[in-house]
file protein.cif (mmCIF, C-alpha atoms)
data_coords
loop_
_atom_site.group_PDB
_atom_site.id
_atom_site.type_symbol
_atom_site.label_atom_id
_atom_site.label_comp_id
_atom_site.auth_asym_id
_atom_site.auth_seq_id
_atom_site.Cartn_x
_atom_site.Cartn_y
_atom_site.Cartn_z
ATOM 1 C CA MET H 1 -40.858 -17.471 40.036
ATOM 2 C CA SER H 2 -40.060 -16.812 36.404
ATOM 3 C CA LEU H 3 -36.640 -15.329 35.755
ATOM 4 C CA ALA H 4 -37.906 -13.622 32.583
ATOM 5 C CA GLU H 5 -41.491 -12.407 32.706
ATOM 6 C CA VAL H 6 -43.511 -11.415 29.636
ATOM 7 C CA ARG H 7 -46.557 -9.166 29.548
ATOM 8 C CA LEU H 8 -48.325 -7.525 26.618
ATOM 9 C CA GLU H 9 -49.327 -3.876 26.903
ATOM 10 C CA ASP H 10 -51.355 -2.998 23.828
ATOM 11 C CA HIS H 11 -48.946 -4.100 21.086
ATOM 12 C CA VAL H 12 -45.792 -3.850 23.216
ATOM 13 C CA ALA H 13 -44.371 -7.058 24.688
ATOM 14 C CA VAL H 14 -42.432 -6.169 27.836
ATOM 15 C CA VAL H 15 -39.856 -8.802 28.801
ATOM 16 C CA THR H 16 -38.594 -8.235 32.339
ATOM 17 C CA LEU H 17 -35.276 -9.566 33.622
ATOM 18 C CA ASN H 18 -36.399 -10.865 37.003
ATOM 19 C CA ARG H 19 -33.435 -11.867 39.122
ATOM 20 C CA PRO H 20 -32.930 -8.663 41.120
ATOM 21 C CA GLU H 21 -31.351 -10.373 44.141
ATOM 22 C CA SER H 22 -28.390 -11.226 41.867
ATOM 23 C CA LEU H 23 -28.512 -7.902 39.985
ATOM 24 C CA ASN H 24 -30.060 -9.859 37.098
ATOM 25 C CA ALA H 25 -26.824 -11.783 36.524
ATOM 26 C CA ILE H 26 -27.101 -14.266 33.668
ATOM 27 C CA SER H 27 -26.986 -17.859 34.886
ATOM 28 C CA GLY H 28 -27.556 -20.809 32.576
ATOM 29 C CA GLU H 29 -31.139 -21.152 33.789
ATOM 30 C CA PHE H 30 -31.709 -17.414 33.364
ATOM 31 C CA ALA H 31 -30.357 -17.492 29.796
ATOM 32 C CA ASN H 32 -32.595 -20.414 28.909
ATOM 33 C CA GLU H 33 -35.698 -18.727 30.332
ATOM 34 C CA LEU H 34 -34.936 -15.410 28.655
ATOM 35 C CA ALA H 35 -34.476 -17.074 25.265
ATOM 36 C CA GLY H 36 -37.867 -18.728 25.694
ATOM 37 C CA ALA H 37 -39.498 -15.481 26.781
ATOM 38 C CA LEU H 38 -38.145 -13.648 23.746
ATOM 39 C CA LEU H 39 -39.413 -16.349 21.400
ATOM 40 C CA GLN H 40 -42.793 -16.280 23.162
ATOM 41 C CA ALA H 41 -43.022 -12.528 22.668
ATOM 42 C CA ALA H 42 -41.984 -12.710 19.014
ATOM 43 C CA ALA H 43 -44.441 -15.485 18.176
ATOM 44 C CA ASN H 44 -47.465 -13.469 19.295
ATOM 45 C CA PRO H 45 -48.963 -11.716 16.237
ATOM 46 C CA ALA H 46 -50.148 -8.929 18.548
ATOM 47 C CA THR H 47 -46.525 -8.041 19.363
ATOM 48 C CA TRP H 48 -45.339 -5.083 17.321
ATOM 49 C CA VAL H 49 -42.505 -3.912 19.584
ATOM 50 C CA VAL H 50 -40.457 -5.740 22.239
ATOM 51 C CA VAL H 51 -39.142 -3.896 25.300
ATOM 52 C CA ILE H 52 -36.553 -5.422 27.634
ATOM 53 C CA ASP H 53 -36.582 -3.966 31.127
ATOM 54 C CA ALA H 54 -35.402 -5.212 34.519
ATOM 55 C CA ALA H 55 -36.575 -5.726 38.075
ATOM 56 C CA GLY H 56 -34.701 -4.147 40.970
ATOM 57 C CA ASP H 57 -33.213 -0.711 41.416
ATOM 58 C CA LYS H 58 -29.431 -1.179 41.165
ATOM 59 C CA ALA H 59 -28.783 -2.858 37.845
ATOM 60 C CA PHE H 60 -30.340 -3.609 34.493
ATOM 61 C CA CYS H 61 -27.991 -6.598 34.311
ATOM 62 C CA VAL H 62 -24.421 -7.082 35.537
ATOM 63 C CA GLY H 63 -23.616 -9.771 32.984
ATOM 64 C CA ALA H 64 -22.636 -13.388 33.467
ATOM 65 C CA ASP H 65 -23.163 -15.077 36.817
ATOM 66 C CA LEU H 66 -19.493 -15.547 37.697
ATOM 67 C CA LYS H 67 -20.395 -17.239 40.995
ATOM 68 C CA GLU H 68 -22.087 -19.983 39.007
ATOM 69 C CA ARG H 69 -19.301 -20.131 36.447
ATOM 70 C CA ASN H 70 -16.666 -20.406 39.172
ATOM 71 C CA LYS H 71 -18.124 -23.847 39.991
ATOM 72 C CA LEU H 72 -18.030 -25.102 36.393
ATOM 73 C CA ASP H 73 -15.377 -27.318 34.852
ATOM 74 C CA ASP H 74 -14.309 -26.760 31.243
ATOM 75 C CA GLY H 75 -17.167 -28.887 29.954
ATOM 76 C CA GLY H 76 -19.598 -26.913 32.076
ATOM 77 C CA TRP H 77 -18.337 -23.657 30.565
ATOM 78 C CA MET H 78 -19.026 -25.019 27.076
ATOM 79 C CA ARG H 79 -22.526 -26.178 28.025
ATOM 80 C CA ASN H 80 -23.221 -22.789 29.574
ATOM 81 C CA ARG H 81 -21.978 -21.150 26.394
ATOM 82 C CA ILE H 82 -24.616 -22.964 24.344
ATOM 83 C CA LEU H 83 -27.391 -21.577 26.555
ATOM 84 C CA VAL H 84 -26.023 -18.039 26.599
ATOM 85 C CA ARG H 85 -25.390 -17.904 22.875
ATOM 86 C CA ALA H 86 -28.924 -19.175 22.193
ATOM 87 C CA MET H 87 -30.233 -16.314 24.337
ATOM 88 C CA PHE H 88 -28.385 -13.681 22.321
ATOM 89 C CA ASP H 89 -29.275 -15.382 19.030
ATOM 90 C CA SER H 90 -32.948 -15.284 20.051
ATOM 91 C CA LEU H 91 -32.719 -11.565 20.727
ATOM 92 C CA ARG H 92 -31.003 -10.770 17.434
ATOM 93 C CA ALA H 93 -33.510 -12.910 15.520
ATOM 94 C CA LEU H 94 -36.560 -10.953 16.698
ATOM 95 C CA PRO H 95 -38.280 -9.474 13.634
ATOM 96 C CA GLN H 96 -39.941 -6.767 15.733
ATOM 97 C CA PRO H 97 -38.039 -3.626 16.767
ATOM 98 C CA THR H 98 -36.512 -4.000 20.219
ATOM 99 C CA ILE H 99 -35.877 -1.406 22.935
ATOM 100 C CA ALA H 100 -33.676 -1.840 26.010
ATOM 101 C CA SER H 101 -34.802 0.204 29.022
ATOM 102 C CA VAL H 102 -31.583 0.580 31.006
ATOM 103 C CA PHE H 103 -30.858 1.881 34.491
ATOM 104 C CA GLY H 104 -27.923 1.360 36.823
ATOM 105 C CA TYR H 105 -25.293 -1.152 35.799
ATOM 106 C CA ALA H 106 -25.365 -2.718 32.338
ATOM 107 C CA LEU H 107 -22.105 -4.630 32.249
ATOM 108 C CA GLY H 108 -20.713 -7.501 30.211
ATOM 109 C CA GLY H 109 -23.582 -9.627 28.955
ATOM 110 C CA GLY H 110 -25.999 -7.071 30.383
ATOM 111 C CA PHE H 111 -24.505 -4.394 28.162
ATOM 112 C CA GLU H 112 -24.619 -6.846 25.265
ATOM 113 C CA LEU H 113 -28.343 -7.424 25.850
ATOM 114 C CA ALA H 114 -28.830 -3.688 25.405
ATOM 115 C CA LEU H 115 -26.383 -3.491 22.482
ATOM 116 C CA ASN H 116 -28.265 -6.180 20.591
ATOM 117 C CA CYS H 117 -31.510 -4.246 20.864
ATOM 118 C CA ASP H 118 -32.357 -1.790 18.113
ATOM 119 C CA LEU H 119 -32.670 1.151 20.496
ATOM 120 C CA ILE H 120 -31.566 1.976 24.037
ATOM 121 C CA VAL H 121 -33.439 4.280 26.399
ATOM 122 C CA ALA H 122 -31.270 4.936 29.451
ATOM 123 C CA SER H 123 -31.469 6.776 32.729
ATOM 124 C CA ARG H 124 -28.718 9.235 33.557
ATOM 125 C CA ASP H 125 -27.392 6.888 36.235
ATOM 126 C CA ALA H 126 -26.818 4.088 33.716
ATOM 127 C CA VAL H 127 -23.297 2.652 33.520
ATOM 128 C CA PHE H 128 -22.219 0.656 30.468
ATOM 129 C CA GLY H 129 -19.123 -1.480 30.070
ATOM 130 C CA LEU H 130 -17.558 -4.668 28.758
ATOM 131 C CA PRO H 131 -15.132 -5.674 31.533
ATOM 132 C CA GLU H 132 -14.656 -9.276 30.359
ATOM 133 C CA VAL H 133 -10.939 -9.015 29.535
ATOM 134 C CA THR H 134 -10.215 -7.931 33.110
ATOM 135 C CA VAL H 135 -11.283 -11.401 34.292
ATOM 136 C CA GLY H 136 -9.680 -13.247 31.392
ATOM 137 C CA ILE H 137 -12.718 -13.577 29.126
ATOM 138 C CA VAL H 138 -13.595 -12.285 25.646
ATOM 139 C CA PRO H 139 -16.998 -10.595 25.216
ATOM 140 C CA GLY H 140 -19.160 -13.321 23.714
ATOM 141 C CA GLY H 141 -22.632 -11.858 23.298
ATOM 142 C CA GLY H 142 -21.857 -9.802 20.224
ATOM 143 C CA GLY H 143 -19.876 -7.129 22.062
ATOM 144 C CA THR H 144 -16.773 -7.320 19.871
ATOM 145 C CA GLN H 145 -18.925 -6.897 16.763
ATOM 146 C CA VAL H 146 -21.956 -4.792 17.667
ATOM 147 C CA LEU H 147 -20.231 -2.131 19.777
ATOM 148 C CA ALA H 148 -17.876 -1.192 16.928
ATOM 149 C CA ARG H 149 -20.804 -0.902 14.558
ATOM 150 C CA LYS H 150 -22.538 1.512 16.922
ATOM 151 C CA VAL H 151 -19.727 3.707 18.246
ATOM 152 C CA GLY H 152 -16.849 3.172 15.823
ATOM 153 C CA LEU H 153 -13.853 0.839 15.778
ATOM 154 C CA GLY H 154 -11.433 2.946 17.799
ATOM 155 C CA ARG H 155 -13.794 3.729 20.667
ATOM 156 C CA ALA H 156 -14.994 0.117 20.797
ATOM 157 C CA LYS H 157 -11.430 -1.218 20.995
ATOM 158 C CA GLU H 158 -10.541 1.236 23.754
ATOM 159 C CA MET H 159 -13.574 0.217 25.808
ATOM 160 C CA ILE H 160 -13.067 -3.519 25.289
ATOM 161 C CA PHE H 161 -9.274 -3.579 25.736
ATOM 162 C CA THR H 162 -9.444 -1.609 28.994
ATOM 163 C CA GLY H 163 -12.857 -2.620 30.306
ATOM 164 C CA ARG H 164 -13.604 1.081 30.780
ATOM 165 C CA ARG H 165 -17.131 1.944 31.819
ATOM 166 C CA ILE H 166 -19.065 4.847 30.342
ATOM 167 C CA SER H 167 -21.940 6.839 31.785
ATOM 168 C CA GLY H 168 -25.379 7.157 30.305
ATOM 169 C CA GLU H 169 -24.421 10.705 29.335
ATOM 170 C CA GLU H 170 -21.370 9.545 27.367
ATOM 171 C CA GLY H 171 -23.436 6.777 25.801
ATOM 172 C CA PHE H 172 -25.887 9.389 24.566
ATOM 173 C CA GLU H 173 -23.110 11.653 23.273
ATOM 174 C CA VAL H 174 -21.569 8.864 21.146
ATOM 175 C CA GLY H 175 -24.923 7.763 19.716
ATOM 176 C CA LEU H 176 -25.235 4.540 21.679
ATOM 177 C CA VAL H 177 -28.271 5.735 23.650
ATOM 178 C CA ALA H 178 -31.314 6.975 21.734
ATOM 179 C CA ARG H 179 -32.987 8.770 24.640
ATOM 180 C CA LEU H 180 -31.492 9.790 27.989
ATOM 181 C CA VAL H 181 -33.805 10.603 30.897
ATOM 182 C CA GLU H 182 -33.992 10.847 34.649
ATOM 183 C CA ARG H 183 -34.583 7.513 36.391
ATOM 184 C CA GLU H 184 -38.169 8.334 37.319
ATOM 185 C CA ALA H 185 -39.028 8.973 33.660
ATOM 186 C CA LEU H 186 -37.373 5.830 32.284
ATOM 187 C CA ARG H 187 -40.394 3.588 32.016
ATOM 188 C CA SER H 188 -42.744 6.246 30.664
ATOM 189 C CA THR H 189 -40.198 7.403 28.074
ATOM 190 C CA THR H 190 -39.505 3.823 26.983
ATOM 191 C CA MET H 191 -43.195 3.081 26.546
ATOM 192 C CA GLU H 192 -43.763 6.405 24.753
ATOM 193 C CA LEU H 193 -41.052 5.483 22.246
ATOM 194 C CA ALA H 194 -42.573 2.025 21.796
ATOM 195 C CA GLY H 195 -45.950 3.695 21.292
ATOM 196 C CA GLU H 196 -44.525 6.004 18.632
ATOM 197 C CA ILE H 197 -43.246 2.979 16.729
ATOM 198 C CA CYS H 198 -46.646 1.280 17.068
ATOM 199 C CA LYS H 199 -48.259 4.182 15.229
ATOM 200 C CA ALA H 200 -46.442 2.996 12.099
ATOM 201 C CA SER H 201 -47.303 -0.113 10.108
ATOM 202 C CA PRO H 202 -45.844 -3.159 11.913
ATOM 203 C CA VAL H 203 -45.259 -4.806 8.540
ATOM 204 C CA ALA H 204 -43.353 -1.796 7.201
ATOM 205 C CA VAL H 205 -41.304 -1.478 10.395
ATOM 206 C CA ARG H 206 -40.347 -5.163 10.378
ATOM 207 C CA GLU H 207 -39.360 -5.014 6.717
ATOM 208 C CA ALA H 208 -37.347 -1.831 7.295
ATOM 209 C CA LYS H 209 -35.534 -3.463 10.230
ATOM 210 C CA ALA H 210 -34.697 -6.521 8.149
ATOM 211 C CA ALA H 211 -33.366 -4.382 5.299
ATOM 212 C CA ILE H 212 -31.200 -2.287 7.639
ATOM 213 C CA ASP H 213 -29.787 -5.231 9.591
ATOM 214 C CA ARG H 214 -29.121 -7.511 6.637
ATOM 215 C CA GLY H 215 -27.836 -4.772 4.371
ATOM 216 C CA PHE H 216 -25.463 -3.118 6.836
ATOM 217 C CA GLY H 217 -21.874 -3.745 5.767
ATOM 218 C CA MET H 218 -22.838 -5.213 2.401
ATOM 219 C CA PRO H 219 -21.836 -3.589 -0.885
ATOM 220 C CA LEU H 220 -24.368 -0.867 -1.650
ATOM 221 C CA ALA H 221 -25.698 -2.542 -4.802
ATOM 222 C CA ASP H 222 -26.426 -5.759 -2.894
ATOM 223 C CA ALA H 223 -27.980 -3.866 0.010
ATOM 224 C CA LEU H 224 -30.261 -1.989 -2.358
ATOM 225 C CA GLU H 225 -31.490 -5.324 -3.715
ATOM 226 C CA LEU H 226 -32.424 -6.292 -0.149
ATOM 227 C CA GLU H 227 -34.241 -3.002 0.219
ATOM 228 C CA ASP H 228 -36.142 -3.640 -3.007
ATOM 229 C CA LEU H 229 -37.253 -7.064 -1.759
ATOM 230 C CA ALA H 230 -38.407 -5.518 1.520
ATOM 231 C CA TRP H 231 -40.326 -2.857 -0.403
ATOM 232 C CA ARG H 232 -42.031 -5.463 -2.588
ATOM 233 C CA ARG H 233 -43.049 -7.609 0.379
ATOM 234 C CA ASP H 234 -44.468 -4.587 2.148
ATOM 235 C CA VAL H 235 -46.365 -3.307 -0.895
ATOM 236 C CA ALA H 236 -48.128 -6.685 -1.129
ATOM 237 C CA SER H 237 -49.409 -6.324 2.448
ATOM 238 C CA GLU H 238 -52.829 -5.270 3.752
ATOM 239 C CA ASP H 239 -51.071 -2.611 5.818
ATOM 240 C CA ARG H 240 -49.843 -0.833 2.704
ATOM 241 C CA ARG H 241 -53.356 -0.706 1.275
ATOM 242 C CA GLU H 242 -54.760 0.525 4.602
ATOM 243 C CA GLY H 243 -52.016 3.122 5.072
ATOM 244 C CA VAL H 244 -52.491 4.748 1.675
ATOM 245 C CA ALA H 245 -56.278 4.646 2.001
ATOM 246 C CA ALA H 246 -56.147 6.230 5.458
ATOM 247 C CA PHE H 247 -53.864 9.005 4.208
ATOM 248 C CA ASN H 248 -56.233 9.877 1.368
ATOM 249 C CA GLU H 249 -59.280 9.647 3.612
ATOM 250 C CA LYS H 250 -57.594 11.868 6.241
ATOM 251 C CA ARG H 251 -58.009 9.366 9.090
ATOM 252 C CA ASP H 252 -55.757 7.302 11.339
ATOM 253 C CA PRO H 253 -54.824 3.925 9.854
ATOM 254 C CA LYS H 254 -56.081 0.710 11.443
ATOM 255 C CA TRP H 255 -53.106 -1.592 11.117
ATOM 256 C CA GLN H 256 -53.641 -5.330 10.903
ATOM 257 C CA GLY H 257 -49.988 -6.311 10.903
ATOM 258 C CA ARG H 258 -50.293 -8.337 7.743
#

call {"tool": "encode", "arguments": {"input": "protein.cif", "output": "structure tokens"}}
result
Amino acid sequence: MSLAEVRLEDHVAVVTLNRPESLNAISGEFANELAGALLQAAANPATWVVVIDAAGDKAFCVGADLKERNKLDDGGWMRNRILVRAMFDSLRALPQPTIASVFGYALGGGFELALNCDLIVASRDAVFGLPEVTVGIVPGGGGTQVLARKVGLGRAKEMIFTGRRISGEEGFEVGLVARLVEREALRSTTMELAGEICKASPVAVREAKAAIDRGFGMPLADALELEDLAWRRDVASEDRREGVAAFNEKRDPKWQGR
């Protein structure tokens, strides 16, 4: 059984966390398989959007597998760290827009999986939190950096220093969650959002994502240079020619993704 399954639905690659008996806890093997699944999804030219969802009904992902880690010596912790960091690096490196489809518990590394996606769709029963400091660990999947960028420095520090959990409702109120729905509508809403993105040029969307991510936090003048490079790359694409032609011919564009 694969711990991270990949399927393509139209132009949406759905990567499913598939360890429900352990609430999708991240073991070393799980991290390695998920990194490979993400790279597999990204490498397919038919992939325009990547969705991360989860098997089970209690948790999106409860974070690191502490039962496994409890058996590791110091060297084992460092080897595990290499696998886990590669997983998060693979997620952040995806050129396609990414959506986390979150229900139930999204804690620790599970929350960081969602945080490192471009957008989060969550059910109202979702629970987010970074409880690492309560077991003597520092968030290591981007939590100390990404959370502050999404909800502000003060709120991020309060959540990380205390390990406080927040509801899906609070996540939506602070701008962490893009769309909040009832559990039964989670999958359909996630796929509808992915479908909306697929209506746009995949080249333009990828270039826009790169400009946003690379330019964020840079001096404005430097960031605008990145935007200009993204614009120039996109204008040289077949998609740009198709998009403008379709607009003038009053028809839907037929994107090629190149």

call {"tool": "resolve_selection", "arguments": {"input": "protein.cif", "expression": "the PyMOL selection byres ((chain H and resi 60-75) around 9)", "output": "VMD selection string"}}
result
chain H and resid 17 19 to 20 22 to 28 53 to 59 76 to 80 84 101 to 113 126 130

call {"tool": "atom_distance", "arguments": {"input": "protein.cif", "atom1": "CA of Thr189 in chain H", "atom2": "CA of Val121 in chain H"}}
result
7.6 Å

call {"tool": "closest_residue", "arguments": {"input": "protein.cif", "among": "H:Ser201, H:Glu29, H:Val14, H:Lys157", "to": "Val244 in chain H", "atoms": "all atoms listed in the file"}}
result
H:Ser201

call {"tool": "atom_distance", "arguments": {"input": "protein.cif", "atom1": "CA of Asp118 in chain H", "atom2": "CA of Glu21 in chain H"}}
result
27.4 Å

call {"tool": "closest_residue", "arguments": {"input": "protein.cif", "among": "H:Ala148, H:Val133, H:Leu229, H:Arg7", "to": "Leu115 in chain H", "atoms": "only C-alpha atoms"}}
result
H:Ala148

call {"tool": "closest_residue", "arguments": {"input": "protein.cif", "among": "H:Thr144, H:Asn248, H:Gln256, H:Ser167", "to": "Ala200 in chain H", "atoms": "only C-alpha atoms"}}
result
H:Gln256

call {"tool": "residues_around", "arguments": {"input": "protein.cif", "residues": "Arg214 in chain H", "least_positions_apart": "5", "cutoff": "12 Å", "atoms": "only C-alpha atoms", "output": "PyMOL selection string"}}
result
chain H and resi 92-93+95+207-209+219-220+222-227+229-230

call {"tool": "resolve_selection", "arguments": {"input": "protein.cif", "expression": "the PyMOL selection byres ((chain H and resi 151) around 12)", "output": "ChimeraX atom specification"}}
result
/H:115,143-150,152-159,170-177

call {"tool": "residues_around", "arguments": {"input": "protein.cif", "residues": "Pro202 in chain H", "least_positions_apart": "4", "cutoff": "12 Å", "atoms": "all atoms listed in the file", "output": "ChimeraX atom specification"}}
result
/H:11-12,45-50,95-97,194-198,206-209,234,237-240,243,253-258

call {"tool": "atom_distance", "arguments": {"input": "protein.cif", "atom1": "CA of Leu39 in chain H", "atom2": "CA of Ser90 in chain H"}}
result
6.7 Å

call {"tool": "closest_residue", "arguments": {"input": "protein.cif", "among": "H:Arg179, H:Arg232, H:Arg251, H:Arg85", "to": "Gly140 in chain H", "atoms": "all atoms listed in the file"}}
result
H:Arg85

call {"tool": "closest_residue", "arguments": {"input": "protein.cif", "among": "H:Leu94, H:Ala221, H:Val205, H:Ile166", "to": "Gly129 in chain H", "atoms": "all atoms listed in the file"}}
result
H:Ile166

call {"tool": "closest_residue", "arguments": {"input": "protein.cif", "among": "H:Ile82, H:Ile99, H:Ala43, H:Ala178", "to": "Asn116 in chain H", "atoms": "all atoms listed in the file"}}
result
H:Ile99

call {"tool": "decode", "arguments": {"input": "protein.cif", "residues": "range 141-150 of chain H", "atoms": "all heavy atoms", "output": "compact mmCIF listing (two decimals), in the first residue's frame"}}
result
# COMPACT_ATOMS: atom_id res chain seq x y z
N GLY H 141 9.09 22.44 9.87
CA GLY H 141 8.62 22.30 8.50
C GLY H 141 8.24 23.63 7.89
O GLY H 141 7.40 23.69 6.98
N GLY H 142 8.84 24.69 8.39
CA GLY H 142 8.51 26.03 7.90
C GLY H 142 7.56 26.79 8.80
O GLY H 142 7.24 27.95 8.53
N GLY H 143 7.11 26.15 9.89
CA GLY H 143 6.11 26.78 10.75
C GLY H 143 6.55 28.10 11.33
O GLY H 143 5.75 29.06 11.40
N THR H 144 7.79 28.22 11.78
CA THR H 144 8.25 29.46 12.41
C THR H 144 8.36 30.60 11.39
O THR H 144 8.40 31.77 11.78
CB THR H 144 9.61 29.28 13.10
OG1 THR H 144 10.61 28.99 12.11
CG2 THR H 144 9.57 28.18 14.14
N GLN H 145 8.41 30.26 10.11
CA GLN H 145 8.57 31.28 9.08
C GLN H 145 7.27 31.55 8.32
O GLN H 145 6.89 32.70 8.10
CB GLN H 145 9.66 30.85 8.09
CG GLN H 145 10.99 30.56 8.74
CD GLN H 145 11.52 31.73 9.55
OE1 GLN H 145 11.60 32.86 9.02
NE2 GLN H 145 11.88 31.49 10.79
N VAL H 146 6.59 30.49 7.92
CA VAL H 146 5.42 30.65 7.05
C VAL H 146 4.21 31.17 7.81
O VAL H 146 3.46 32.01 7.31
CB VAL H 146 5.09 29.32 6.34
CG1 VAL H 146 3.89 29.50 5.40
CG2 VAL H 146 6.29 28.81 5.56
N LEU H 147 4.00 30.67 9.05
CA LEU H 147 2.83 31.10 9.80
C LEU H 147 2.83 32.61 10.02
O LEU H 147 1.81 33.27 9.85
CB LEU H 147 2.75 30.37 11.14
CG LEU H 147 1.51 30.67 11.98
CD1 LEU H 147 0.23 30.29 11.24
CD2 LEU H 147 1.58 29.93 13.32
N ALA H 148 3.98 33.17 10.37
CA ALA H 148 4.06 34.62 10.59
C ALA H 148 3.76 35.39 9.32
O ALA H 148 3.14 36.47 9.36
CB ALA H 148 5.45 34.99 11.11
N ARG H 149 4.17 34.86 8.20
CA ARG H 149 3.91 35.53 6.93
C ARG H 149 2.43 35.51 6.58
O ARG H 149 1.96 36.36 5.83
CB ARG H 149 4.73 34.88 5.81
CG ARG H 149 6.23 35.23 5.86
CD ARG H 149 7.03 34.30 4.95
NE ARG H 149 8.38 34.79 4.72
CZ ARG H 149 9.39 34.70 5.57
NH1 ARG H 149 9.20 34.11 6.75
NH2 ARG H 149 10.59 35.17 5.27
N LYS H 150 1.70 34.54 7.10
CA LYS H 150 0.29 34.42 6.75
C LYS H 150 -0.66 35.06 7.76
O LYS H 150 -1.71 35.55 7.38
CB LYS H 150 -0.06 32.94 6.57
CG LYS H 150 0.63 32.33 5.34
CD LYS H 150 0.01 31.04 4.89
CE LYS H 150 0.63 30.59 3.58
NZ LYS H 150 0.01 29.36 3.04
